[in-house]
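Asks: This is the structure, below, for whatever I ask next.
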Amino acid sequence: MDLKLHDLTTGYGRHTVSHNLNARLQTGLLTCLLGPNGSGKSTLLRTISGAQPPLSGTVTPTDSRTLSIVLTSRIDISHLRACDVVAMGRHPYTGYFGKPSPQDDDIIRQAMQTTGTLHLSHRNMTSLSDGEAQKVMIAKALAQQTPVILLDEPSAFLDFPSKVSLMLMMQDLAHNHGKTILLSTHDISLAIKTADTLWLMNADGTMHTGTPRQLIDTGHIATYLGDSSQYL
Amino acid sequence: MKQTLLVIILVILVITNIFVGSVHIPCTETLRILTGQDTGNNPSWTYIILHSRLPQMITALLCGAGLATAGLLLQTAFRNPLAGPSILGIDSGANMAVAIVVMFAGGTMTLMGTTLGGYLLVILAAMAGAMVIMLIIATLSTLLKSPVMLLVTGVMISYITSSLISLLQFHTTEHGLQAYTFWGMGGFTGVTMERLPIYATLMLASLIISILHIKPLDAILLGDAYAQNLGVDTRRMNRRLYLLAGLITATTTAFCGPITFIGLATPHIARLLCGTATHRILMPTTMILGAVISLTCNQLCTLPTSSTLPINTITPLFGAPVILWVILKRN
């Protein structure tokens, strides 16, 4: 399922963060959202997920059965097991008390298998490493069975090998499971190597989109990196 | 399995709370009185069973289940293990409002005034007081991320309310002071057979409404953003949870006085027993465990042969160590 932004302006009250964004996320593609701190990546993700209303324009579609989210912050609740968290991904489908059916259980197990978290099922979320916790949240998003998955800086607290394996997992989910994925990141070199398309947000509230190749050729990546590009 | 064991313990406590007390009454007599085959041999025994032990047992059971549920609702809504009706100063808000109504506004010092009007006034005052503190805490909780800071805030609120209550006590009559102090110790004796239907209705309604919120409560554990994504209207839900926890705390405080620690400690013990924070399992366990703890405390209070102890002399003995354990475990 494609996700479309049409003349989208994001912000809070009178404060505009980004304006007149037009873009499309295509089915089966991994898109990385890049940009300096404060350029509005999180605000855009929050707006797309429906957590805050757009100032103008539209995002289609957004609801709990078409779009799931994975955030940076950890779940710090005692006695909350990994399998409980993944099971919550079934909430849009389960009955009044949220009890998973045998089919739901299969979907939950499948999601944990795909993310390599099945062995963590009965571990408490507080006892998991950052990378493990992140994968459990991705399993939750998979259990939600939404065509679109948004991830807000999922690799922020991970070590380098974990970052790479996370990006490869995202690539696999997009290419082989038909997911439409948008993830924000600061790891520009990893994004260039793994993403199918990039959304590059600028400090002035505009956004450039295209394949990594296109954005490099047009010089937008170089503009974003400035002097730091020599260290890449 | 563990839940079955808890239910068995609960049933045993329900029975002992009626059959065992400070006055010795033969089991056969008790059974006869309960089944309505009262021979009228000893009218005071009949009175003790039907008008003291029976309402006290039902009150203790509902109060324990209710306060434990309120604690669980607050811990989930604030995503804070140290949240609870008494620790956040919510019951001291209710306490103060009751004190104002009773001591300052010139209500008669039989605290649960004989008329329904006076009675309702106390409940409404307790409710209003609990809600005011609830709002203050809810506002502050968005600013204070640390559980310990929120705890300190609750303690500060309790200090402020208790200083205002002291002021009221200074200006009230001797009789008023005595009655208020006695009420402040907390107890299940205040709910007589005539008042029990109102109390039971309010508490049962709160418990049922709480059970109906099991699914959104789970989602709220993940935080507002995830909960919203799963289709929960978090603002509305949080408002409802505050209101519900406030209602339970206020009702209980109005009828039984401020009862400490059951609300805060019970959900933690229940989590340990269940091994999961999923409310579908945790909430019923918390309710049963709350009732078990409350009935145990009630039993312990009635055991001394001379008189009945105030309930708050017992509850901190098991509640305070649980809080210390939670704080130590977090470090």
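Chain labels A, B, ... are given in the sequence in which chains occur in the structure tokens; within each chain residues are numbered consecutively from 1, and ligands are likewise numbered from 1 in the order shown.
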Could you list, as a PyMOL selection string, every residue of chain B that has an atom within 9 Å of an atom of chain A, counting only C-alpha atoms?
Replies: chain B and resi 79-81+211-216+218-219+221-226+228-231+271-272+274-278+280
Asks: DSSP on the backbone, then: every residue of stretch 29-109 of chain A marked helix (DSSP H, G or I), written as a PyMOL selection string.
Replies: chain A and resi 41-49+82-88+102-109
Asks: I want to know what sits within 12 Å of A:Pro154, based on only C-alpha atoms, with residues of the same chain fewer than 6 positions away left out; could you give that as an NGL selection string?
Replies: :A and (32-33 or 42 or 69-74 or 130-138 or 162-167 or 169-170 or 182-187)
Asks: Taking only stretch 6-153 of chain A into account, list the residues labelled strand (DSSP E) by DSSP (computed from the backbone), as a PyMOL selection string.
Replies: chain A and resi 6-12+15-25+30-34+56-60+67-70+148-152
Asks: If you measure from atom CA of B:Thr35 to atom CA of B:Leu50, what distance in Å do you get, rounded to one decimal?
Replies: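 Between atom CA of B:Thr35 and atom CA of B:Leu50 the gap is 10.8 Å.
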Asks: Set the distance at 10 Å and use only C-alpha atoms: which residues neighbour B:Ile136 once local chain neighbours fewer than 5 positions away are removed? I'd like the list as a ChimeraX atom specification.
Replies: /B:90,131,141,153-154,157
Asks: Would you list the contacts of stretch 120-123 of chain B as a ChimeraX atom specification, taking every protein, DNA or RNA residue within 7 Å and counting only C-alpha atoms, but skipping same-chain residues closer than 4 positions in sequence?
Replies: /B:98,101,116,127,250-251,254
Asks: How many Å lie between atom CA of B:Cys63 and atom CA of B:Trp325, rounded to one decimal?
Replies: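 Interatomic distance, atom CA of B:Cys63 to atom CA of B:Trp325: 24.2 Å.
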Asks: List the spatial neighbours of B:Ile8 as a list of chain:residue names - criterion: any atom at most 12 Å away, only C-alpha atoms, same-chain residues fewer than 6 positions off excluded.
Replies: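 Surrounding residues, per the criterion: B:Met1, B:Lys2, B:Val14, B:Ile15, B:Ile288, B:Leu289, B:Val292.
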Asks: Given the selection you just returned, output its residues as a file containing N, CA and C atoms, formatted as a CSV table (one decimal), in the first residue's frame.
Replies:
chain,number,residue,atom,x,y,z
B,1,MET,N,-3.6,-21.3,38.4
B,1,MET,CA,-3.2,-22.1,39.5
B,1,MET,C,-3.0,-21.3,40.8
B,2,LYS,N,-2.1,-20.3,40.7
B,2,LYS,CA,-1.9,-19.4,41.8
B,2,LYS,C,-3.2,-18.6,42.2
B,14,VAL,N,-13.0,-15.1,54.3
B,14,VAL,CA,-14.4,-14.7,54.4
B,14,VAL,C,-15.1,-15.4,55.6
B,15,ILE,N,-14.8,-16.7,55.7
B,15,ILE,CA,-15.4,-17.5,56.8
B,15,ILE,C,-14.9,-17.1,58.1
B,288,ILE,N,-8.4,-9.9,43.8
B,288,ILE,CA,-8.5,-10.9,44.8
B,288,ILE,C,-7.5,-10.8,45.9
B,289,LEU,N,-6.2,-10.4,45.5
B,289,LEU,CA,-5.1,-10.3,46.5
B,289,LEU,C,-5.4,-9.1,47.4
B,292,VAL,N,-7.8,-10.3,49.9
B,292,VAL,CA,-7.2,-11.2,50.8
B,292,VAL,C,-6.4,-10.4,51.9
Asks: From the set B:Thr302, B:Thr253, B:Ser22, B:Thr266, which residue has the shortest atom-to-atom contact distance to B:Val191, counting only C-alpha atoms?
Replies: B:Thr253
Asks: Hey, can you check how far atom CA of B:Pro43 sits from atom CA of B:Thr308?
Replies: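 So the two atoms, atom CA of B:Pro43 and atom CA of B:Thr308, lie 20.6 Å apart.
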Asks: Given only C-alpha atoms as the basis, pick out the residue of B:Pro284, B:Pro197, B:Pro316, B:Gly246 nearest to B:Ala130.
Replies: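 So, comparing all the options, the nearest one is B:Gly246.
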